[in-house]
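Student: Could you have a look at this structure, given as structure tokens, before my questions?
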Amino acid sequence: MDSKPDYLLLYRYQEARRRLAACADELAGWEGKRVLADLEKQVQTVQEAVAAIRTECARLKTENRQLEGECRDYEVQLRDLEATLYSGKIAAPKELEQLQRRIAEYQTAKAAREEKLLDQLYMLETKERELAEAQEQAGALQSKLAAAAEEVARRVNSLRKNCAELQKEVEDLERALPESLLGFYQRSAKALKGIVVVPIKGKTCGFCHMILPPAVLEQVKKGGTGVTLCENCGRGLFEE
Ligand SMILES: [Zn+2]
């Protein structure tokens, strides 16, 4: 025969199971948090951008060094050519003309390289600014990711602990429950979505709030004939 404290025990068992299910749901939600995957993707994208800009900077520097070298070579050759020109050793007009043409060619070639070098120095400056910005962005995102990961880990740990405590509570209550009531719970739990017993609240069903007929209230008070059900929602009724 089931007594009132047993119904209360079943109610506590049922509520502990419901809290456990809610906790497990929340835990699953935090364990599969999208925010981390999204942030990881963003960090990766920015790191790739940093690497690409760094490669571009290195390429520009190499090219600029080469251009500087070429300019220096032209300068040396121009100095030699001009020394020859003003040495007074060349008297033949044809030879002089040839020499002047070569000087003009070298000057044009040197000017072209100098112009390209200037352009590329400006480009390098822009790229280096971009690099600094991207690096700063990567650092900020990494900090954000670390903080988010810490928060998720903290929530997951706390929820795991809660779940373990609730699991133990459920097991303890299950052991304490009379077999008949446990059987009643197990038979009805699925159809009644986990709520099989409810306390009477001011002469109404604690689940569907239907006003209970006096005969039903009397039967609950008397007890002893198994679980009295709410005629409307089918939940077992008990007095707290
Ligand atoms: Zn009801």
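Following the order of the structure tokens, first chain is A, next is B, and so on, with residues numbered from 1 inside each chain and ligands from 1 in the order they appear.
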Need the shell around His209 (chain A): protein/DNA/RNA residues with any atom at most 12 Å away, counting only C-alpha atoms. Skip same-chain ones fewer than 2 positions apart. Format as an MDAnalysis selection string?
Tutor: chainID A and resid 198:207 211:212 230:233 235 237
Student: Keeping only C-alpha atoms, write the selected residues as a short mmCIF file (atom, residue, chain, number, x, y, z; two decimals), in the first residue's frame.
Tutor:
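Once everything was written out, this is again_28.cif:
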```
data_model
loop_
_atom_site.label_atom_id
_atom_site.label_comp_id
_atom_site.auth_asym_id
_atom_site.auth_seq_id
_atom_site.Cartn_x
_atom_site.Cartn_y
_atom_site.Cartn_z
CA VAL A 198 1.52 16.35 -9.22
CA PRO A 199 0.51 17.84 -5.88
CA ILE A 200 -3.05 19.11 -5.44
CA LYS A 201 -3.06 22.91 -5.41
CA GLY A 202 -6.12 24.44 -3.72
CA LYS A 203 -8.47 21.62 -4.82
CA THR A 204 -7.19 21.72 -8.39
CA CYS A 205 -4.82 19.48 -10.31
CA GLY A 206 -1.27 20.84 -9.95
CA PHE A 207 -0.63 20.18 -13.64
CA ILE A 211 -11.03 21.74 -10.29
CA LEU A 212 -11.14 18.29 -8.74
CA CYS A 230 -6.69 13.46 -12.51
CA GLU A 231 -9.62 12.70 -14.85
CA ASN A 232 -8.50 15.46 -17.20
CA CYS A 233 -4.74 15.02 -17.67
CA ARG A 235 -1.53 12.57 -13.69
CA LEU A 237 -2.57 13.24 -7.52
#
```
Student: List as a list in words the protein and nucleic acid residues near Lys127 (chain A), meaning an atom at most 7 Å away when only C-alpha atoms are counted, but skip any in the same chain fewer than 4 places from it.
Tutor: Ile53, Cys57, Met123 and Leu131 of chain A
Student: Quick one: everything within 8 Å of region 137-144 of chain A, counting only C-alpha atoms, minus sequence neighbours fewer than 6 positions away in the same chain. Send it as a ChimeraX atom specification.
Tutor: /A:39,42-43,46-47
Student: What lies within 12 Å of Gly29 (chain A) using only C-alpha atoms, ignoring chain neighbours under 4 positions off, as a list of chain:residue names?
Tutor: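 Surrounding residues, per the criterion: A:Ala22, A:Cys23, A:Ala24, A:Asp25, A:Lys33, A:Arg34, A:Val35, A:Val152, A:Arg155, A:Val156, A:Leu159.
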Student: Write out as a PyMOL selection string each polymer residue whose atoms come within 12 Å of Leu8 (chain A), counting only C-alpha atoms; drop sequence neighbours fewer than 6 positions from it.
Tutor: chain A and resi 2+14-15+173+176-178+181+196-200+236-240
Student: Applying 12 Å and only C-alpha atoms, which residues near region 105-115 of chain A remain after dropping the ones on its own chain fewer than 5 positions away? List them as a list in words.
Tutor: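 The neighbour list is Glu63, Asn64, Arg65, Gln66, Leu67, Glu68, Gly69, Glu70, Cys71, Arg72, Asp73, Tyr74, Glu75, Val76, Gln77, Leu78, Arg79, Asp80, Leu81, Glu82, Gln98, Leu99, Gln100, Gln120, Leu121 and Tyr122 of chain A.
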Student: Just write the chosen residues, C-alpha atoms, as a compact mmCIF listing (two decimals), in the first residue's frame.
Tutor:
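To be explicit, this is the file written out as result01.txt:
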```txt
# COMPACT_ATOMS: atom_id res chain seq x y z
CA GLU A 63 62.87 43.45 -55.25
CA ASN A 64 63.74 46.87 -53.78
CA ARG A 65 67.21 45.67 -52.81
CA GLN A 66 67.69 44.44 -56.35
CA LEU A 67 66.53 47.79 -57.79
CA GLU A 68 68.86 49.67 -55.43
CA GLY A 69 71.74 47.48 -56.62
CA GLU A 70 70.89 48.13 -60.26
CA CYS A 71 70.72 51.89 -59.64
CA ARG A 72 74.16 51.78 -58.01
CA ASP A 73 75.57 49.82 -60.99
CA TYR A 74 74.18 52.38 -63.46
CA GLU A 75 75.67 55.18 -61.39
CA VAL A 76 79.12 53.59 -61.50
CA GLN A 77 78.89 53.03 -65.24
CA LEU A 78 77.60 56.54 -65.84
CA ARG A 79 80.47 57.97 -63.83
CA ASP A 80 82.92 56.00 -65.99
CA LEU A 81 81.23 57.02 -69.22
CA GLU A 82 81.12 60.68 -68.19
CA GLN A 98 77.89 57.03 -79.56
CA LEU A 99 79.14 57.77 -76.07
CA GLN A 100 76.47 60.42 -75.51
CA GLN A 120 57.60 50.03 -54.38
CA LEU A 121 58.81 51.81 -51.24
CA TYR A 122 55.39 53.42 -51.00
```
Student: From the options A:Ala148, A:Arg129, A:Lys116, A:Lys89, which residue's atoms come nearest to Asp38 (chain A), counting only C-alpha atoms?
Tutor: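 Closest to Asp38 (chain A) of all the choices is A:Ala148.
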Student: Using only C-alpha atoms, pick whichever of A:Thr225, A:Asp119, A:Leu192, A:Leu145 has the shortest atom-to-atom distance to Gln44 (chain A).
Tutor: A:Leu145
